[in-house]
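Engineer: Below is the structure I would like to discuss, written out as structure tokens.
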Number of protein chains: 4
Amino acid sequence: MLDERIRTAVIGYGYWGPNLVRNFVNSGSARVVAVSDLDLAKLAASKRLHSEIETTSDFRDVLKNPNIDAVAIATPVHTHYELALSALKAGKHVLVEKPLTPKSDQASRLVEEAARRDLVLMVDHTFLYTPAVQKIRELLQNGTLGEPYYYDSIRSSLGLFQNDCNVIWDLAVHDLSIIMYILNETPITVSATGSSHVAGAPENMAHVTLFFESSCVAHVSVNWLSPIKVRQTFIGGSRKMIVYDDVEPTEKVKVYDKGITLAGSPEKTHQLRIGYRAGDMWAPHIAQKEALQTEVQHFVDCIRNGKVPISGGSSGLKVVQILEAASRSIKEQGKPIRLKPIGPISRCA
Amino acid sequence: MLDERIRTAVIGYGYWGPNLVRNFVNSGSARVVAVSDLDLAKLAASKRLHSEIETTSDFRDVLKNPNIDAVAIATPVHTHYELALSALKAGKHVLVEKPLTPKSDQASRLVEEAARRDLVLMVDHTFLYTPAVQKIRELLQNGTLGEPYYYDSIRSSLGLFQNDCNVIWDLAVHDLSIIMYILNETPITVSATGSSHVAGAPENMAHVTLFFESSCVAHVSVNWLSPIKVRQTFIGGSRKMIVYDDVEPTEKVKVYDKGITLAGSPEKTHQLRIGYRAGDMWAPHIAQKEALQTEVQHFVDCIRNGKVPISGGSSGLKVVQILEAASRSIKEQGKPIRLKPIGPISRCA
Amino acid sequence: MLDERIRTAVIGYGYWGPNLVRNFVNSGSARVVAVSDLDLAKLAASKRLHSEIETTSDFRDVLKNPNIDAVAIATPVHTHYELALSALKAGKHVLVEKPLTPKSDQASRLVEEAARRDLVLMVDHTFLYTPAVQKIRELLQNGTLGEPYYYDSIRSSLGLFQNDCNVIWDLAVHDLSIIMYILNETPITVSATGSSHVAGAPENMAHVTLFFESSCVAHVSVNWLSPIKVRQTFIGGSRKMIVYDDVEPTEKVKVYDKGITLAGSPEKTHQLRIGYRAGDMWAPHIAQKEALQTEVQHFVDCIRNGKVPISGGSSGLKVVQILEAASRSIKEQGKPIRLKPIGPISRCA
Amino acid sequence: MLDERIRTAVIGYGYWGPNLVRNFVNSGSARVVAVSDLDLAKLAASKRLHSEIETTSDFRDVLKNPNIDAVAIATPVHTHYELALSALKAGKHVLVEKPLTPKSDQASRLVEEAARRDLVLMVDHTFLYTPAVQKIRELLQNGTLGEPYYYDSIRSSLGLFQNDCNVIWDLAVHDLSIIMYILNETPITVSATGSSHVAGAPENMAHVTLFFESSCVAHVSVNWLSPIKVRQTFIGGSRKMIVYDDVEPTEKVKVYDKGITLAGSPEKTHQLRIGYRAGDMWAPHIAQKEALQTEVQHFVDCIRNGKVPISGGSSGLKVVQILEAASRSIKEQGKPIRLKPIGPISRCA
């Protein structure tokens with residue numbers, strides 16, 4: 001009998017790599033053939049947990065191996081482009097940690113390469129695979145919330161300052177992927193402000209506003225220098241409103257039957273035509289399933305069945321474009337930056 | 001024996017007027033001679049509670065009365081300028097509800113008039129007189145927080161939509177006055193974004209960033225369309241950080257001994273020189289005193305002793321300037337607007 | 001045209017009396033003819049607010065007045081019996097502050113007197129008239145919760161120590177009335193423990209367990225010496241469970257679709273037959289209506305239409321019986337005390 | 001050079017055993033020689049993680065092994081007595097999961113055996129080794145709280161129903177060990193009530209009151225059938241009060257400068273002599289150290305240096321005595337049960 005499991009390798013066995021290995025191993029539909037890392041101690045740690053997995057300190061061994069179908073890249077951001085491009089050229093399907101690349105032209109190049117070779121290029125935007133975000137998307141897509149009005153999020157804590165990128169590349173990246181996923185819409189203009197409180201270091205605090213063709217607006221507040229951890233998102237719609245608090249152990253998503261009601265013709269706006277509605281609150285049960293498990297199964301499904309990933313290369317590219325534009329806006333104290341439209345998304349990427 | 005209480009009148013007896021009357025009456029250092037309102041039913045309500053206070057539907061009766069030293073104006077914003085100017089010209093000290101005026105040139109004119117006549121012009125920025133804000137200012141001014149890094153605030157609820165001004169004139173106005181009071185610094189540039197979810201109505205949601213000469217930054221998020229009431233402010237400093245939650249019945253102000261520590265020279269910034277500190281949290285006892293009582297006593301003190309009010313005309317003017325600039329920035333999707341510096345503040349106003 | 005409003009008088013104008021007057025006045029279906037208090041300053045305060053209401057320092061004036069249909073008694077507990085009995089004998093309907101009397105035989109005597117004279121005797125168990133408790137009763141009575149399993153409540157704060165009664169007469173009294181109202185069942189045995197932390201003073205902390213004929217059990221924890229205010233009740237049922245938090249400004253009542261499921265025959269209990277269910281949470285909208293308004297309207301309705309009050313004399317008597325038994329049990333460190341059954345409840349009381 | 005690490009074995013490799021192994025391995029001062037379990041699959045799991053540790057399905061192999069100094073027993077409660085007694089007789093120091101035994105005479109027998117052989121007998125009352133409980137003990141022992149008034153705790157969740165013991169043996173056991181540790185006092189009388197909501201199953205909900213020689217009182221509320229997880233303890237003292245919330249990720253311990261003040265002589269108690277004090281709140285930083293790590297190091301330290309464990313056999317015995325008495329009281333609906341005093345505690349146990 002044939003073993004039909006997808007054969008994977010993980011490049012980078014630092015903080016996130018072991019989670020990727022564990023989830024591929026547990027998925028049932030994939031197996032891990034090899035792990036690569038420059039650090040021999042990390043390879044030894046992999047061996048201790050998974051004696052059956054080959055280890056190598058040279059990622060090229062992985063790419064040369066004809067018995068590997070797909071690679072997951074969990075290395076520092078500045079190495080993503082080179083590694084992913086090499087892997088695609090070697091004919092491997094690729095899953096890359098977020099953000100996809102440090103520059104949008106690199107991301108664009110990866111998307112093209114994957115499309116040309118008909119390979120899956122997927123970005124590890126893990127939040128999209130959490131039961132909470134999937135529930136929120138469902139509530140938006142099935143009309144429960146009505147017309148979306150806004151997404152307003154805070155993501156802050158006393159976080160690890162990074163020295164090669166500012167806080168939006170570390171934290172806002174999550175919200176950008178969530179926003180486009182749940183709204184099914186990409187922003188057209190971005191305005192952002194930010195500030196650094198360590199001389200010479202990148203911005204540790206920022207606020208980003210995204211404008212859309214529709215009247216919906218998104219705002220993301222991120223901060224590495226907050227006394228408490230906050231992961232709170234408000235989503236307003238014409239029929240319902242959501243408070244999504246990811247710090248809550250349960251009841252992460254609360255749906256409020258609250259809002260305004262409009263009477264009369266929209267032309268003659270005056271105070272009297274606005275009514276206020278306060279109804280029940282409802283917290284749907286959110287499953288406890290690990291997001292990364294859902295994600296690796298989706299990656300395997302896309303490889304097997306030629307599906308376009310939820311967090312494919314194009315959406316990874318769009319996130320990088322917004323991060324670039326937001327960084328530019330920050331340098332100019334909030335000046336709005338128009339985003340380039342992205343063409344139709346090709347298969348797989 | 002002489003009655004040395006300041007003789008006041010209250011113009012406008014709607015929502016806020018009765019609170020002003022009650023607090024003047026209870027202050028011990030003032031008495032209320034007259035109440036004026038266009039609505040006879042409201043004057044009757046005043047009579048029922050305070051039979052000794054004269055009532056009139058013509059505010060000019062109040063201004064002509066030589067037995068009145070000071071007037072408090074609690075009428076719609078668009079009437080503030082005319083009423084306050086008339087009162088100053090009639091030689092009365094003036095306390096005006098916030099915001100001072102709908103336009104900065106009007107506010108400027110009032111400040112000049114008060115200065116020329118050596119009269120007190122004060123704006124009812126009530127939050128400055130709350131025990132919580134006074135405690136926060138104390139913690140900043142006495143160095144407990146160290147160098148201020150940021151002020152980041154959310155003020156939202158399912159609020160009353162107004163049709164003659166956008167949400168920042170209604171809600172951000174509080175934060176602007178608090179920011180300048182506790183930081184003792186005025187912003188130099190403002191960037192703001194906002195959006196309206198009712199066709200033809202003013203913006204019901206906005207985000208405002210204020211830049212200062214120092215590296216401190218302030219951000220204010222306001223929303224009339226939030227499913228829950230939020231009044232939360234994060235204040236970061238180099239030595240301590242504050243979370244101020246005005247919705248909490250007690251423990252409104254929490255001081256965290258948390259932050260980063262820097263080692264090495266500021267020129268060579270790299271990740272290793274940043275350390276993280278997590279210590280105790282401390283919630284100073286906050287008195288329950290009504291802010292308006294403190295405020296009216298301060299107004300009387302300024303009149304009697306020629307003091308400059310904490311929330312004098314100049315600070316009211318600065319708030320209006322920022323609101324104007326922020327409204328302009330909103331129209332241009334976040335474009336930064338440079339604020340005009342205000343000259344030295346004259347006595348009293 | 002006839003004025004058909006019920007003519008009331010309020011005896012006792014201390015903390016609660018003014019609320020009674022205000023709510024009778026606002027009810028539309030009653031008017032207040034007279035207020036009685038021993039303290040002339042309090043009568044003057046009444047006159048200032050309600051010049052049309054007669055005042056007297058002798059409650060007998062009220063009882064003699066043929067133009068008064070009903071009296072509300074808001075005086076110290078030790079005076080309730082004498083005042084209520086005199087009022088009933090004078091032919092007045094009576095509403096008494098909780099607890100009805102300090103002794104159960106006195107309460108019993110009042111119930112008899114009211115029944116004999118066909119007068120309404122009602123106790124001011126205000127919590128029964130709150131929208132939150134009414135919603136909870138509805139959820140129990142309509143089967144939403146399934147079979148009731150338990151009521152477990154905490155009611156504590158840094159409270160006013162009383163010197164003539166222990167903490168259960170002050171705080172547990174609320175829960176006892178709520179328990180019997182929402183469960184529609186009276187307890188048969190009580191066990192209670194308590195302790196005093198001020199030498200010579202009554203118990204300031206106590207825990208009371210109530211046993212019923214059914215398998216439902218109730219527990220009430222009360223404390224005058226708690227650092228924070230807690231008003232939290234857990235109610236378990238076979239189908240749903242409730243957390244009722246009265247300190248919450250909104251979302252006071254949360255209904256959890258959680259619990260256990262039983263498989264197999266009840267005779268062969270072993271672990272495997274118990275399953276666990278975790279579903280949605282739902283917080284029904286709770287109206288903001290003042291409980292005392294609902295209560296006085298109910299009092300008037302009972303008088304007019306010969307209805308038995310929700311918090312009639314018999315339920316007030318039952319509460320006093322339980323408080324007496326619990327106090328006895330406290331003296332004996334938790335010894336269970338059997339409660340005397342109460343006969344069928346006569347009309348009106 | 002000699003390896004001076006204590007040589008341990010772990011009997012029972014189910015839920016808790018792997019944690020014991022991991023913490024012994026990481027302690028640096030012990031090593032694990034063998035693991036024993038009846039389930040071969042569990043032994044295989046141990047081998048996978050720790051190939052150097054011997055495994056056996058017969059615990060007698062462990063007891064016969066002269067190269068083992070100490071054993072940790074993590075098996076079902078009904079096996080504790082036989083296993084611990086055999087281990088002591090084999091000359092091993094013993095660490096037993098809580099509760100020590102199902103019966104107090106068994107616990108007593110173990111204490112005697114350990115004392116006679118001069119071996120360490122320790123119970124795994126893990127909570128005593130948490131940074132939070134150690135901080136609370138410090139605040140009580142150094143006088144910060146003043147005279148202790150009460151300990152009042154809630155420990156509930158939708159928990160795993162057990163079929164061989166009621167809820168107090170599973171949950172209240174934690175509080176009993178904490179109470180005696182932080183108060184340094186043992187109770188003299190217990191009253192408890194409880195109820196079962198599954199026909200034929202042990203009580204799933206109970207309330208236990210403990211009386212002491214001093215005026216301090218303790219109350220513990222436990223529930224396997226709660227819709228939400230609650231781990232909240234209130235501790236009142238004459239100078240300060242604590243709220244300890246173990247569900248909080250940080251700020252688990254809050255110290256309130258609140259309470260009452262007494263004026264005048266204690267003989268003449270009346271309301272006027274009680275004053276109320278409301279001051280600051282303070283949340284000391286609580287370290288994140290794993291309790292079991294502290295515990296195994298303490299076990300090793302007791303073995304090496306002949307110290308009496310914080311959670312020695314005698315305290316384990318006392319906990320079992322209280323659980324027995326509370327279970328008896330539950331059968332009699334709260335009837336107070338006098339606890340037998342325990343003689344002076346011998347060395348080591």
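Letters for chains follow the order of the structure tokens (A, B, ...), residue numbers begin at 1 for each chain, and ligand numbers begin at 1 in the order shown.
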Could you go through range 99-332 of chain B and tell me which residues DSSP, when run on the backbone, assigns to strand (DSSP E), listing them as a ChimeraX atom specification?
Structural biologist: /B:121-124,148-158,189-195,205-211,217-223,225-237,241-245,253-262,274-283
Engineer: Can you write out as a Markdown table which residues of chain D fall within 8 Å of chain C, alongside each residue's closest atom pair and its distance in Å to one decimal, counting only C-alpha atoms and ordering rows by chain and ascending residue number?
Structural biologist:
```
| residue | atom | partner | partner_atom | distance |
| --- | --- | --- | --- | --- |
| D:Tyr149 | CA | C:His197 | CA | 6.5 |
| D:Leu158 | CA | C:Gly259 | CA | 7.1 |
| D:Phe161 | CA | C:Gln271 | CA | 6.8 |
| D:Gln162 | CA | C:Gln271 | CA | 6.3 |
| D:Asn163 | CA | C:Gln271 | CA | 5.6 |
| D:Ser191 | CA | C:Gly334 | CA | 5.8 |
| D:Ala192 | CA | C:Gly334 | CA | 7.8 |
| D:Thr193 | CA | C:Thr209 | CA | 7.1 |
| D:Ser195 | CA | C:Val217 | CA | 7.1 |
| D:Ser196 | CA | C:Ser215 | CA | 7.7 |
| D:His197 | CA | C:Tyr149 | CA | 6.4 |
| D:Val198 | CA | C:Pro266 | CA | 7.9 |
| D:Ala199 | CA | C:Pro266 | CA | 6.0 |
| D:Gly200 | CA | C:Thr269 | CA | 6.0 |
| D:Ala201 | CA | C:Thr269 | CA | 6.2 |
| D:Thr209 | CA | C:Thr193 | CA | 7.1 |
| D:Ser215 | CA | C:His197 | CA | 7.0 |
| D:Val217 | CA | C:Ser195 | CA | 7.1 |
| D:Leu225 | CA | C:Gly259 | CA | 6.8 |
| D:Ser226 | CA | C:Gly236 | CA | 7.2 |
| D:Pro227 | CA | C:Lys258 | CA | 6.0 |
| D:Phe234 | CA | C:Ser226 | CA | 7.6 |
| D:Gly236 | CA | C:Ser226 | CA | 7.2 |
| D:Met241 | CA | C:Pro227 | CA | 6.1 |
| D:Ile242 | CA | C:Pro227 | CA | 7.4 |
| D:Val243 | CA | C:Pro227 | CA | 7.7 |
| D:Tyr256 | CA | C:Pro227 | CA | 6.3 |
| D:Lys258 | CA | C:Pro227 | CA | 6.0 |
| D:Gly259 | CA | C:Leu225 | CA | 6.8 |
| D:Ile260 | CA | C:Leu225 | CA | 7.8 |
| D:Pro266 | CA | C:Ala199 | CA | 5.9 |
| D:Glu267 | CA | C:Gly200 | CA | 6.8 |
| D:Lys268 | CA | C:Gly200 | CA | 7.8 |
| D:Thr269 | CA | C:Gly200 | CA | 6.0 |
| D:His270 | CA | C:Asn163 | CA | 5.9 |
| D:Gln271 | CA | C:Asn163 | CA | 5.7 |
| D:Ile274 | CA | C:Phe161 | CA | 7.6 |
| D:Tyr276 | CA | C:Leu158 | CA | 7.8 |
| D:Glu332 | CA | C:Pro336 | CA | 7.9 |
| D:Gln333 | CA | C:Pro336 | CA | 5.9 |
| D:Gly334 | CA | C:Gly334 | CA | 5.2 |
| D:Lys335 | CA | C:Lys335 | CA | 4.3 |
| D:Pro336 | CA | C:Gly334 | CA | 5.8 |
```
Engineer: Considering only C-alpha atoms, return as a VMD selection string whatever protein or nucleic-acid residues lie within 10 Å of Leu128 in chain B, sequence-local ones (same chain, fewer than 2 positions apart) excluded.
Structural biologist: chain B and resid 124 to 126 130 to 134 137 174 to 175 177 to 179 181 to 182 291 to 292 294 to 295 310 to 311
Engineer: Any chance you could export the current selection's C-alpha atoms as an mmCIF file, in the first residue's frame?
Structural biologist:
```
data_model
loop_
_atom_site.group_PDB
_atom_site.id
_atom_site.type_symbol
_atom_site.label_atom_id
_atom_site.label_comp_id
_atom_site.auth_asym_id
_atom_site.auth_seq_id
_atom_site.Cartn_x
_atom_site.Cartn_y
_atom_site.Cartn_z
ATOM 1 C CA ASP B 124 -15.726 73.929 31.339
ATOM 2 C CA HIS B 125 -13.187 71.166 30.577
ATOM 3 C CA THR B 126 -14.643 69.163 33.464
ATOM 4 C CA THR B 130 -11.644 64.925 38.285
ATOM 5 C CA PRO B 131 -9.563 63.365 41.065
ATOM 6 C CA ALA B 132 -8.310 60.733 38.578
ATOM 7 C CA VAL B 133 -6.868 63.232 36.088
ATOM 8 C CA GLN B 134 -5.423 65.327 38.892
ATOM 9 C CA ARG B 137 -0.986 64.919 36.384
ATOM 10 C CA HIS B 174 -11.979 65.866 26.555
ATOM 11 C CA ASP B 175 -8.716 64.148 25.693
ATOM 12 C CA SER B 177 -7.713 69.217 27.251
ATOM 13 C CA ILE B 178 -6.413 66.373 29.417
ATOM 14 C CA ILE B 179 -3.338 65.805 27.238
ATOM 15 C CA TYR B 181 -2.926 69.632 31.105
ATOM 16 C CA ILE B 182 -1.055 66.531 32.220
ATOM 17 C CA ALA B 291 -15.342 67.326 39.481
ATOM 18 C CA LEU B 292 -17.754 70.201 38.914
ATOM 19 C CA THR B 294 -13.761 71.485 42.326
ATOM 20 C CA GLU B 295 -14.195 73.392 39.085
ATOM 21 C CA ILE B 310 -6.297 75.689 34.656
ATOM 22 C CA SER B 311 -8.784 75.591 31.812
#
```
Engineer: Residues at most 6 Å from range 71-75 of chain D, counting only C-alpha atoms, excluding those fewer than 6 positions away in the same chain, as a ChimeraX atom specification?
Structural biologist: /D:8-12,17,94-97
Engineer: Which residues are close to range 313-322 of chain C, i.e. within 8 Å by only C-alpha atoms, leaving aside same-chain residues fewer than 2 positions away? Reply as a ChimeraX atom specification.
Structural biologist: /C:98-104,107-108,110-111,121-123,173,176-177,190,311,324-326,339,342,345,349
Engineer: Export C-alpha atoms of the chosen residues as a compact mmCIF listing (two decimals), in the first residue's frame?
Structural biologist:
```txt
# COMPACT_ATOMS: atom_id res chain seq x y z
CA LYS C 98 -37.51 44.59 54.62
CA PRO C 99 -37.20 42.63 56.81
CA LEU C 100 -40.88 42.61 57.75
CA THR C 101 -40.26 42.30 61.51
CA PRO C 102 -37.38 41.26 63.81
CA LYS C 103 -39.37 38.20 65.01
CA SER C 104 -41.41 35.63 63.16
CA ALA C 107 -44.70 38.75 61.23
CA SER C 108 -47.23 35.98 61.70
CA LEU C 110 -49.35 40.93 60.91
CA VAL C 111 -50.22 38.36 58.27
CA LEU C 121 -49.71 43.58 53.43
CA MET C 122 -46.61 43.76 51.26
CA VAL C 123 -42.91 43.71 52.06
CA VAL C 173 -32.56 38.86 53.31
CA LEU C 176 -33.85 34.58 50.61
CA SER C 177 -36.64 36.52 48.96
CA VAL C 190 -31.19 25.66 57.11
CA SER C 311 -43.76 39.91 48.11
CA GLU C 324 -34.31 33.37 62.75
CA ALA C 325 -33.40 29.75 62.07
CA ALA C 326 -30.15 30.72 60.38
CA LEU C 339 -38.08 25.10 59.42
CA ILE C 342 -46.35 27.59 56.85
CA ILE C 345 -51.45 31.56 52.26
CA ALA C 349 -51.29 38.91 52.43
```
Engineer: Would you please work out which residue, of B:Gln232, B:Ser86, B:Ser57, B:Asn166, is nearest to Leu323 in chain B when using only C-alpha atoms?
Structural biologist: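 For Leu323 in chain B, the nearest of the given residues is B:Asn166.
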Engineer: In Å to one decimal, how far is CA of His93 in chain A from CA of Ile68 in chain A?
Structural biologist: 9.4 Å
Engineer: Would you pick out the contacts of Thr56 in chain A at 9 Å or less, using only C-alpha atoms, so that residues sharing its chain but fewer than 4 positions from it are not included, and give the list as an mmCIF file with all heavy atoms, in the first residue's frame?
Structural biologist:
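See out01.cif below for the written result:
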```
data_model
loop_
_atom_site.group_PDB
_atom_site.id
_atom_site.type_symbol
_atom_site.label_atom_id
_atom_site.label_comp_id
_atom_site.auth_asym_id
_atom_site.auth_seq_id
_atom_site.Cartn_x
_atom_site.Cartn_y
_atom_site.Cartn_z
ATOM 1 N N ALA A 34 12.660 16.057 6.542
ATOM 2 C CA ALA A 34 13.912 16.688 6.968
ATOM 3 C C ALA A 34 13.670 18.011 7.667
ATOM 4 O O ALA A 34 12.652 18.676 7.443
ATOM 5 C CB ALA A 34 14.815 16.917 5.756
ATOM 6 N N VAL A 35 14.638 18.347 8.540
ATOM 7 C CA VAL A 35 14.656 19.651 9.197
ATOM 8 C C VAL A 35 16.020 20.260 8.923
ATOM 9 O O VAL A 35 17.042 19.579 8.994
ATOM 10 C CB VAL A 35 14.428 19.498 10.711
ATOM 11 C CG1 VAL A 35 14.946 20.712 11.473
ATOM 12 C CG2 VAL A 35 12.956 19.261 11.016
ATOM 13 N N SER A 36 16.011 21.552 8.612
ATOM 14 C CA SER A 36 17.275 22.225 8.347
ATOM 15 C C SER A 36 17.416 23.447 9.249
ATOM 16 O O SER A 36 16.443 24.179 9.462
ATOM 17 C CB SER A 36 17.301 22.643 6.870
ATOM 18 O OG SER A 36 18.291 23.610 6.641
ATOM 19 N N ASP A 37 18.621 23.646 9.768
ATOM 20 C CA ASP A 37 18.904 24.847 10.565
ATOM 21 C C ASP A 37 20.405 25.029 10.601
ATOM 22 O O ASP A 37 21.159 24.055 10.531
ATOM 23 C CB ASP A 37 18.336 24.697 11.986
ATOM 24 C CG ASP A 37 18.181 26.048 12.677
ATOM 25 O OD1 ASP A 37 19.226 26.671 12.999
ATOM 26 O OD2 ASP A 37 17.032 26.493 12.870
ATOM 27 N N LEU A 38 20.844 26.264 10.714
ATOM 28 C CA LEU A 38 22.293 26.521 10.770
ATOM 29 C C LEU A 38 22.867 26.113 12.120
ATOM 30 O O LEU A 38 24.061 25.849 12.250
ATOM 31 C CB LEU A 38 22.574 28.010 10.531
ATOM 32 C CG LEU A 38 22.204 28.523 9.134
ATOM 33 C CD1 LEU A 38 22.382 30.034 9.076
ATOM 34 C CD2 LEU A 38 23.074 27.838 8.087
ATOM 35 N N LEU A 40 23.573 23.723 15.046
ATOM 36 C CA LEU A 40 23.622 22.269 15.264
ATOM 37 C C LEU A 40 22.881 21.859 16.536
ATOM 38 O O LEU A 40 22.300 20.776 16.603
ATOM 39 C CB LEU A 40 25.084 21.807 15.337
ATOM 40 C CG LEU A 40 25.885 22.005 14.030
ATOM 41 C CD1 LEU A 40 27.320 21.491 14.201
ATOM 42 C CD2 LEU A 40 25.187 21.273 12.875
ATOM 43 N N LEU A 43 19.355 21.299 15.654
ATOM 44 C CA LEU A 43 19.176 20.026 14.933
ATOM 45 C C LEU A 43 19.192 18.856 15.916
ATOM 46 O O LEU A 43 18.412 17.908 15.780
ATOM 47 C CB LEU A 43 20.276 19.865 13.871
ATOM 48 C CG LEU A 43 20.238 20.912 12.744
ATOM 49 C CD1 LEU A 43 21.362 20.647 11.743
ATOM 50 C CD2 LEU A 43 18.881 20.902 12.032
ATOM 51 N N ASP A 61 20.459 20.858 0.792
ATOM 52 C CA ASP A 61 20.202 19.412 0.845
ATOM 53 C C ASP A 61 18.707 19.138 0.727
ATOM 54 O O ASP A 61 18.271 18.177 0.084
ATOM 55 C CB ASP A 61 20.702 18.819 2.168
ATOM 56 C CG ASP A 61 22.216 18.933 2.301
ATOM 57 O OD1 ASP A 61 22.890 19.134 1.260
ATOM 58 O OD2 ASP A 61 22.703 18.832 3.441
ATOM 59 N N VAL A 62 17.955 19.971 1.366
ATOM 60 C CA VAL A 62 16.495 19.816 1.328
ATOM 61 C C VAL A 62 15.971 20.047 -0.083
ATOM 62 O O VAL A 62 15.156 19.279 -0.603
ATOM 63 C CB VAL A 62 15.830 20.792 2.324
ATOM 64 C CG1 VAL A 62 14.335 20.894 2.069
ATOM 65 C CG2 VAL A 62 16.129 20.364 3.752
#
```
Engineer: Check the smallest atom-to-atom distance from each of A:Glu290, A:Tyr151, A:Ile303, A:Lys331 to Arg5 in chain A using only C-alpha atoms, then report the winner.
Structural biologist: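 The closest residue to Arg5 in chain A is A:Ile303.
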